[in-house]
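Chemist: Please see the structure below; I have some questions.
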Amino acid sequence: MFWLQFFFRNAAMQKILSTNIVSRCTSKSAKHGWSVCLRSIFFNSVKYCPPKLVLGIETSCDDTGAAVVDDNGNILGEALHSQNEIHLKTGGIIPPVAQQLHRENIERIVKETLCVSGISLDELSAVATTVKPGLALSLGVGLEYSLKLVDKYKKPFIPIHHMEAHALTIRLINQVDFPFLVLLISGGHCILAVAQGVSDFLLLGQSVDVAPGDMLDKVARRLSLTKHPECCSMSGGKAIEHLAQRGNRQHYELRAPMRHHPNCNFSFSGFLCNATRIIKQKEKEEGLQEGHLMSCVTDIAAAIQHAVALHIAERTHRAILFCIKTGILSQTNASLVVSGGVASNQYIRRVLQTVTNATNFNLLCPPPKLCTDNGVMIAWNGIERMRAGLGVLHSTDGIRYEPKAPLGIDISKQVREVAIKVPRLEVMI
């Protein structure tokens, strides 16, 4: 059995490498070939309990992602298809277009992931899939595909809350114990919460209107940054961050909202209105029609990025002080975890570092690759839920996707009642 398993695995790998359908992942598969064979030898030569393996599938918005992660936190394989190029051309995400692109790519992405990992569907312990929140049409594609898999291969199903997955990603790469404060900033959300455990959150505050990533994308479109030679292939938020590095943020003043609201909620719609007003004024001064690049785009980008960073930092500062005052978090070895697509912005991270330095908190952020939507975070959330014995379903009857879904227990009213005053911090960047 020892040698039979060895040669079987090696032959199977060679077959995979010669198959056209996985041509994109052959180079990675070759690197994994011997590790797969050695793992098989070890499994069959000694009494060994193989690790739990979870396939994660992500389709909540415009990225089709999949990954296989084991219960030791090893990422065995992953693949991602981004729709960014298409949506840049259409001026934003169009849900039916996103849905169709998910349908066209999901099977290929899953097969590529399994190919790279060297894991078969039969070997999986469970399938974890984002079912909430997100775009309804996009969520439906991932859920429909996953339910067919678990039904065919008789695997447990783990429905995943997208924001919970973002919040727990840090525990894949860092030793972070509960509880910790988490700031989730993305194109669809802006949330401050305390993670007390897997699927156990206290919601401190959230955006009352639009999300920061959505607002930055709209400012970038109004600035016509896709016509800028350096930004034509970048998302709006990335383009803003890139150009802001050369801009002077002091040329334009954008006031932070909600300064007199003693809570941890956010508001970003006002930034868009103010930025639009400035852009119209500058277009008039330069004699340009809407859709043409202005000479001052770097300065506007720097100003909007700085204002957004200060607003996020001020609300986060209050959340830290609230947690310390109420005893929800100890000031000893406490952590602020920042995740989500906008958490990839290095300027916002540096401003938040000013807050954590002043409050003796540790600032922890996943690498940018794991901040944006991906299959790894979904698979890891599945591992966390398996360990905790939470939400592992052996029957999928009645499972539905939920476009809107709160995260945890809302205690934002208590935050407002405590009415903590936030001291002014000097941001030297």
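Scheme for the structure tokens: letters A, B, ... for chains in order shown; per-chain residue numbers from 1; ligand numbers from 1 in order shown.
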Which polymer residues have any atom within 7 Å of an atom of Gly134 (chain A), counting only C-alpha atoms, with same-chain residues fewer than 2 positions away left out, as a ChimeraX atom specification?
Modeler: /A:60-61,132,136,139,403-404
Chemist: Pick out the closest residue to Ile383 (chain A) from this set: A:Arg221, A:His242, A:Lys155, A:Lys52. Count only C-alpha atoms.
Modeler: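 Nearest candidate to Ile383 (chain A) out of A:Arg221, A:His242, A:Lys155, A:Lys52: A:Lys52.
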Chemist: Select from region 88-161 of chain A everything DSSP, run on the backbone, classes as helix (DSSP H, G or I), then give the selection as a PyMOL selection string.
Modeler: chain A and resi 88-90+95-117+121-123+136-153
Chemist: Identify, with DSSP run on backbone atoms, the residues in region 154-300 of chain A assigned to strand (DSSP E), and express the list as a list of chain:residue names.
Modeler: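 After running DSSP on the backbone, region 154-300 of chain A has strand (DSSP E) at A:Phe157, A:Ile158, A:Pro159, A:Ile160, A:His161, A:Phe180, A:Leu181, A:Val182, A:Leu183, A:Leu184, A:Ile185, A:Cys190, A:Ile191, A:Leu192, A:Ala193, A:Val194, A:Ala195, A:Gln196, A:Gly197, A:Asp200, A:Phe201, A:Leu202, A:Leu203, A:Leu204, A:Gly205, A:Gln206.
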Chemist: Using only C-alpha atoms, determine which residues lie at most 9 Å from region 229-234 of chain A, disregarding the query and same-chain residues fewer than 3 positions distant; provide the list as an mmCIF file with C-alpha atoms, in the first residue's frame.
Modeler:
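Heads up, here's the output in selection05.cif:
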data_model
loop_
_atom_site.group_PDB
_atom_site.id
_atom_site.type_symbol
_atom_site.label_atom_id
_atom_site.label_comp_id
_atom_site.auth_asym_id
_atom_site.auth_seq_id
_atom_site.Cartn_x
_atom_site.Cartn_y
_atom_site.Cartn_z
ATOM 1 C CA ASN A 84 -11.805 45.033 -12.295
ATOM 2 C CA GLU A 85 -10.863 45.600 -15.934
ATOM 3 C CA LEU A 88 -13.480 50.123 -15.165
ATOM 4 C CA LEU A 225 -8.586 58.945 -13.514
ATOM 5 C CA THR A 226 -8.983 56.055 -15.977
ATOM 6 C CA GLY A 237 -9.195 53.774 -4.626
ATOM 7 C CA LYS A 238 -5.795 52.588 -5.857
ATOM 8 C CA ALA A 239 -5.600 55.488 -8.298
ATOM 9 C CA ILE A 240 -6.393 57.991 -5.532
ATOM 10 C CA HIS A 242 -1.127 56.457 -6.130
ATOM 11 C CA LEU A 243 -1.646 60.076 -7.206
#
Chemist: What lies within 7 Å of Ala313 (chain A) using only C-alpha atoms, ignoring chain neighbours under 2 positions off, as a short mmCIF file (atom, residue, chain, number, x, y, z; two decimals) with all heavy atoms, in the first residue's frame?
Modeler:
data_model
loop_
_atom_site.label_atom_id
_atom_site.label_comp_id
_atom_site.auth_asym_id
_atom_site.auth_seq_id
_atom_site.Cartn_x
_atom_site.Cartn_y
_atom_site.Cartn_z
N ALA A 309 -8.90 59.55 5.89
CA ALA A 309 -8.06 58.88 6.89
C ALA A 309 -8.27 59.49 8.28
O ALA A 309 -8.37 58.75 9.28
CB ALA A 309 -6.59 58.98 6.49
N LEU A 310 -8.37 60.81 8.35
CA LEU A 310 -8.59 61.46 9.65
C LEU A 310 -9.95 61.09 10.23
O LEU A 310 -10.08 60.88 11.45
CB LEU A 310 -8.49 62.98 9.50
CG LEU A 310 -7.10 63.58 9.26
CD1 LEU A 310 -7.18 65.10 9.25
CD2 LEU A 310 -6.10 63.11 10.31
N HIS A 311 -10.97 61.04 9.39
CA HIS A 311 -12.31 60.68 9.86
C HIS A 311 -12.32 59.25 10.41
O HIS A 311 -12.86 59.00 11.51
CB HIS A 311 -13.31 60.81 8.70
CG HIS A 311 -14.71 60.45 9.05
ND1 HIS A 311 -15.37 60.95 10.16
CD2 HIS A 311 -15.60 59.61 8.44
CE1 HIS A 311 -16.60 60.45 10.22
NE2 HIS A 311 -16.76 59.62 9.18
N ARG A 315 -12.90 58.23 14.60
CA ARG A 315 -13.96 57.33 15.08
C ARG A 315 -13.35 56.08 15.71
O ARG A 315 -13.86 55.55 16.71
CB ARG A 315 -14.89 56.92 13.93
CG ARG A 315 -15.34 58.03 13.02
CD ARG A 315 -15.88 59.25 13.72
NE ARG A 315 -17.25 59.10 14.17
CZ ARG A 315 -17.95 60.05 14.81
NH1 ARG A 315 -17.38 61.21 15.09
NH2 ARG A 315 -19.19 59.83 15.18
N THR A 316 -12.24 55.62 15.14
CA THR A 316 -11.56 54.45 15.70
C THR A 316 -10.95 54.77 17.06
O THR A 316 -10.97 53.93 17.97
CB THR A 316 -10.46 53.96 14.73
OG1 THR A 316 -11.06 53.68 13.45
CG2 THR A 316 -9.79 52.71 15.25
N HIS A 317 -10.42 55.98 17.20
CA HIS A 317 -9.86 56.42 18.48
C HIS A 317 -10.93 56.37 19.58
O HIS A 317 -10.68 55.88 20.68
CB HIS A 317 -9.31 57.84 18.34
CG HIS A 317 -8.42 58.26 19.46
ND1 HIS A 317 -7.76 59.48 19.48
CD2 HIS A 317 -8.06 57.64 20.63
CE1 HIS A 317 -7.06 59.58 20.59
NE2 HIS A 317 -7.24 58.48 21.31
N VAL A 351 -1.89 56.64 9.34
CA VAL A 351 -2.68 57.52 10.21
C VAL A 351 -3.24 56.74 11.40
O VAL A 351 -3.22 57.20 12.54
CB VAL A 351 -3.82 58.19 9.41
CG1 VAL A 351 -4.75 58.96 10.35
CG2 VAL A 351 -3.24 59.14 8.36
N LEU A 352 -3.71 55.52 11.15
CA LEU A 352 -4.21 54.68 12.24
C LEU A 352 -3.08 54.28 13.20
O LEU A 352 -3.32 54.10 14.40
CB LEU A 352 -4.88 53.43 11.67
CG LEU A 352 -6.23 53.65 11.00
CD1 LEU A 352 -6.68 52.41 10.23
CD2 LEU A 352 -7.29 54.03 12.04
N VAL A 355 -2.87 56.62 16.01
CA VAL A 355 -3.87 56.35 17.05
C VAL A 355 -3.44 55.21 17.96
O VAL A 355 -3.51 55.32 19.19
CB VAL A 355 -5.25 56.04 16.42
CG1 VAL A 355 -6.26 55.65 17.49
CG2 VAL A 355 -5.75 57.22 15.60
#
Chemist: With only C-alpha atoms as the counted atoms, please give the residues lying no more than 12 Å from Ser335 (chain A), apart from itself and same-chain residues fewer than 4 positions off, as an MDAnalysis selection string.
Modeler: chainID A and resid 170:171 174:183 194:195 320 323:324 329:331 353 355:357 359:365
Chemist: Could the residues in this selection be written to a file with N, CA, C and O atoms, as a CSV table (one decimal), in the first residue's frame?
Modeler:
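What follows is the written file out_38.csv:
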chain,number,residue,atom,x,y,z
A,170,ILE,N,-6.8,37.8,10.1
A,170,ILE,CA,-5.6,38.1,10.8
A,170,ILE,C,-5.1,36.9,11.6
A,170,ILE,O,-3.9,36.7,11.7
A,171,ARG,N,-6.0,36.1,12.0
A,171,ARG,CA,-5.7,34.9,12.9
A,171,ARG,C,-5.1,33.8,12.0
A,171,ARG,O,-4.5,32.9,12.6
A,174,ASN,N,-1.3,35.7,12.2
A,174,ASN,CA,-0.8,36.2,13.4
A,174,ASN,C,-1.4,35.4,14.6
A,174,ASN,O,-2.6,35.0,14.5
A,175,GLN,N,-0.7,35.3,15.7
A,175,GLN,CA,-1.3,34.8,16.9
A,175,GLN,C,-2.1,35.9,17.6
A,175,GLN,O,-1.5,36.6,18.4
A,176,VAL,N,-3.4,36.0,17.3
A,176,VAL,CA,-4.2,37.0,17.9
A,176,VAL,C,-5.3,36.3,18.7
A,176,VAL,O,-6.2,35.6,18.1
A,177,ASP,N,-5.3,36.6,20.0
A,177,ASP,CA,-6.4,36.0,20.8
A,177,ASP,C,-7.6,36.9,20.9
A,177,ASP,O,-7.5,38.1,20.8
A,178,PHE,N,-8.7,36.3,21.1
A,178,PHE,CA,-9.9,37.1,21.4
A,178,PHE,C,-9.8,37.6,22.9
A,178,PHE,O,-9.2,37.0,23.7
A,179,PRO,N,-10.4,38.8,23.1
A,179,PRO,CA,-11.1,39.7,22.2
A,179,PRO,C,-10.1,40.7,21.6
A,179,PRO,O,-9.0,41.0,22.1
A,180,PHE,N,-10.5,41.3,20.5
A,180,PHE,CA,-9.8,42.4,19.8
A,180,PHE,C,-10.7,43.3,19.1
A,180,PHE,O,-11.8,42.9,18.7
A,181,LEU,N,-10.3,44.5,18.9
A,181,LEU,CA,-11.1,45.5,18.2
A,181,LEU,C,-10.8,45.4,16.7
A,181,LEU,O,-9.6,45.2,16.3
A,182,VAL,N,-11.8,45.4,15.9
A,182,VAL,CA,-11.6,45.3,14.4
A,182,VAL,C,-12.3,46.4,13.7
A,182,VAL,O,-13.4,46.8,14.0
A,183,LEU,N,-11.6,47.0,12.7
A,183,LEU,CA,-12.1,48.0,11.8
A,183,LEU,C,-12.1,47.4,10.4
A,183,LEU,O,-11.1,47.0,9.9
A,194,VAL,N,-16.1,44.7,18.1
A,194,VAL,CA,-15.2,43.9,19.0
A,194,VAL,C,-15.4,42.5,18.7
A,194,VAL,O,-16.5,42.0,18.8
A,195,ALA,N,-14.3,41.8,18.3
A,195,ALA,CA,-14.4,40.3,18.1
A,195,ALA,C,-14.2,39.6,19.4
A,195,ALA,O,-13.1,39.6,19.9
A,320,ILE,N,-11.6,52.8,20.7
A,320,ILE,CA,-10.5,52.3,21.5
A,320,ILE,C,-10.8,52.8,23.0
A,320,ILE,O,-10.7,52.0,23.9
A,323,CYS,N,-13.7,51.1,24.6
A,323,CYS,CA,-13.4,49.7,25.0
A,323,CYS,C,-12.6,49.6,26.3
A,323,CYS,O,-12.8,48.8,27.1
A,324,ILE,N,-11.7,50.6,26.4
A,324,ILE,CA,-10.8,50.6,27.6
A,324,ILE,C,-11.7,51.1,28.8
A,324,ILE,O,-11.6,50.5,29.9
A,329,LEU,N,-12.1,45.7,26.6
A,329,LEU,CA,-10.8,45.3,26.2
A,329,LEU,C,-9.8,45.8,27.3
A,329,LEU,O,-10.0,46.9,27.8
A,330,SER,N,-8.8,45.0,27.6
A,330,SER,CA,-7.7,45.4,28.5
A,330,SER,C,-6.7,46.2,27.7
A,330,SER,O,-6.4,45.9,26.5
A,331,GLN,N,-6.1,47.2,28.3
A,331,GLN,CA,-5.1,48.0,27.6
A,331,GLN,C,-3.8,47.3,27.5
A,331,GLN,O,-2.9,47.7,26.7
A,353,GLN,N,-1.9,54.2,12.7
A,353,GLN,CA,-0.7,53.9,13.5
A,353,GLN,C,-0.5,55.0,14.6
A,353,GLN,O,-0.1,54.7,15.7
A,355,VAL,N,-2.9,56.6,16.0
A,355,VAL,CA,-3.9,56.4,17.1
A,355,VAL,C,-3.4,55.2,18.0
A,355,VAL,O,-3.5,55.3,19.2
A,356,THR,N,-3.0,54.1,17.4
A,356,THR,CA,-2.6,53.0,18.2
A,356,THR,C,-1.3,53.3,19.0
A,356,THR,O,-1.2,52.8,20.1
A,357,ASN,N,-0.4,54.1,18.5
A,357,ASN,CA,0.7,54.5,19.3
A,357,ASN,C,0.3,55.3,20.5
A,357,ASN,O,0.9,55.1,21.6
A,359,THR,N,-2.4,55.1,22.1
A,359,THR,CA,-3.3,54.3,23.0
A,359,THR,C,-2.7,53.0,23.5
A,359,THR,O,-3.3,52.2,24.2
A,360,ASN,N,-1.4,52.8,23.1
A,360,ASN,CA,-0.7,51.5,23.4
A,360,ASN,C,-1.4,50.3,22.9
A,360,ASN,O,-1.4,49.2,23.5
A,361,PHE,N,-2.0,50.4,21.7
A,361,PHE,CA,-2.6,49.2,21.1
A,361,PHE,C,-1.7,48.7,20.0
A,361,PHE,O,-0.9,49.5,19.5
A,362,ASN,N,-1.8,47.4,19.7
A,362,ASN,CA,-1.0,46.9,18.5
A,362,ASN,C,-1.9,47.1,17.3
A,362,ASN,O,-3.1,46.7,17.3
A,363,LEU,N,-1.3,47.6,16.2
A,363,LEU,CA,-2.0,47.7,14.9
A,363,LEU,C,-1.6,46.5,14.1
A,363,LEU,O,-0.4,46.3,13.8
A,364,LEU,N,-2.6,45.7,13.7
A,364,LEU,CA,-2.4,44.5,12.9
A,364,LEU,C,-3.2,44.5,11.6
A,364,LEU,O,-4.4,44.8,11.7
A,365,CYS,N,-2.6,44.3,10.5
A,365,CYS,CA,-3.3,44.3,9.2
A,365,CYS,C,-2.8,43.1,8.4
A,365,CYS,O,-1.6,42.8,8.3
Chemist: Do a neighbour search on region 270-285 of chain A at 12 Å with only C-alpha atoms, toss out local chain neighbours closer than 3 positions, and write the hits as a ChimeraX atom specification.
Modeler: /A:208-224,251-258,266-267,288-297,299-309,311
Chemist: For CA of Leu172 (chain A) and CA of Glu384 (chain A), determine how far apart the two atoms are, in Å to one decimal place.
Modeler: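 We find that CA of Leu172 (chain A) and CA of Glu384 (chain A) lie 9.5 Å from each other.
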Chemist: Would you mind reading off the distance between CA of Arg416 (chain A) and CA of Ser199 (chain A), one decimal, in Å?
Modeler: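 Straight-line distance from CA of Arg416 (chain A) to CA of Ser199 (chain A) works out to 24.1 Å.
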Chemist: Quick one: of A:Thr354, A:Ala79, A:Leu124, A:Arg246, who's nearest to Lys154 (chain A), counting only C-alpha atoms?
Modeler: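 Of A:Thr354, A:Ala79, A:Leu124, A:Arg246, the one nearest Lys154 (chain A), counting only C-alpha atoms, is A:Leu124.
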Chemist: For a quick check of understanding, using only C-alpha atoms, which of A:Ile191, A:Ile75, A:Asn333, A:Val198 has the smallest distance to Arg387 (chain A)?
Modeler: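 Closest candidate: A:Val198.
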Chemist: One number please: CA of Val141 (chain A) to CA of Tyr153 (chain A), in Å, one decimal.
Modeler: 18.6 Å
Chemist: So that I can see what lies close to Thr396 (chain A), please list as a list in words the residues with an atom at most 9 Å from it, counting only C-alpha atoms and leaving out residues fewer than 5 positions away in the same chain.
Modeler: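 My list of contacting residues is Leu147, Val150, Asp151, Pro156 and Phe157 of chain A.
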Chemist: Could you save the residues just selected, with N, CA, C and O atoms, as an mmCIF file, in the first residue's frame?
Modeler:
data_model
loop_
_atom_site.group_PDB
_atom_site.id
_atom_site.type_symbol
_atom_site.label_atom_id
_atom_site.label_comp_id
_atom_site.auth_asym_id
_atom_site.auth_seq_id
_atom_site.Cartn_x
_atom_site.Cartn_y
_atom_site.Cartn_z
ATOM 1 N N LEU A 147 -23.654 24.471 -3.430
ATOM 2 C CA LEU A 147 -24.660 23.487 -3.030
ATOM 3 C C LEU A 147 -24.638 22.262 -3.942
ATOM 4 O O LEU A 147 -24.870 21.136 -3.492
ATOM 5 N N VAL A 150 -21.555 20.174 -2.635
ATOM 6 C CA VAL A 150 -21.753 19.453 -1.370
ATOM 7 C C VAL A 150 -22.784 18.337 -1.530
ATOM 8 O O VAL A 150 -22.697 17.307 -0.857
ATOM 9 N N ASP A 151 -23.734 18.533 -2.432
ATOM 10 C CA ASP A 151 -24.715 17.483 -2.672
ATOM 11 C C ASP A 151 -24.079 16.303 -3.420
ATOM 12 O O ASP A 151 -24.301 15.135 -3.068
ATOM 13 N N PRO A 156 -20.038 18.442 4.294
ATOM 14 C CA PRO A 156 -20.691 19.470 5.115
ATOM 15 C C PRO A 156 -20.545 20.839 4.447
ATOM 16 O O PRO A 156 -19.561 21.093 3.741
ATOM 17 N N PHE A 157 -21.515 21.707 4.704
ATOM 18 C CA PHE A 157 -21.504 23.056 4.140
ATOM 19 C C PHE A 157 -21.412 24.073 5.265
ATOM 20 O O PHE A 157 -22.100 23.953 6.284
#
Chemist: Considering only C-alpha atoms, can you say which of A:Pro406, A:Gly375, A:Gly340, A:Pro423 comes closest to Leu203 (chain A)?
Modeler: A:Pro406
Chemist: Smallest atom-to-atom distance to Leu370 (chain A): which of A:Ala358, A:Ile57, A:Ala343, A:Met386, using only C-alpha atoms?
Modeler: A:Ala343
Chemist: Under the rule that only C-alpha atoms are counted, which of A:His189, A:His228, A:His162, A:Lys148 is the nearest residue to Phe268 (chain A)?
Modeler: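 Smallest distance to Phe268 (chain A) is found for A:His189.
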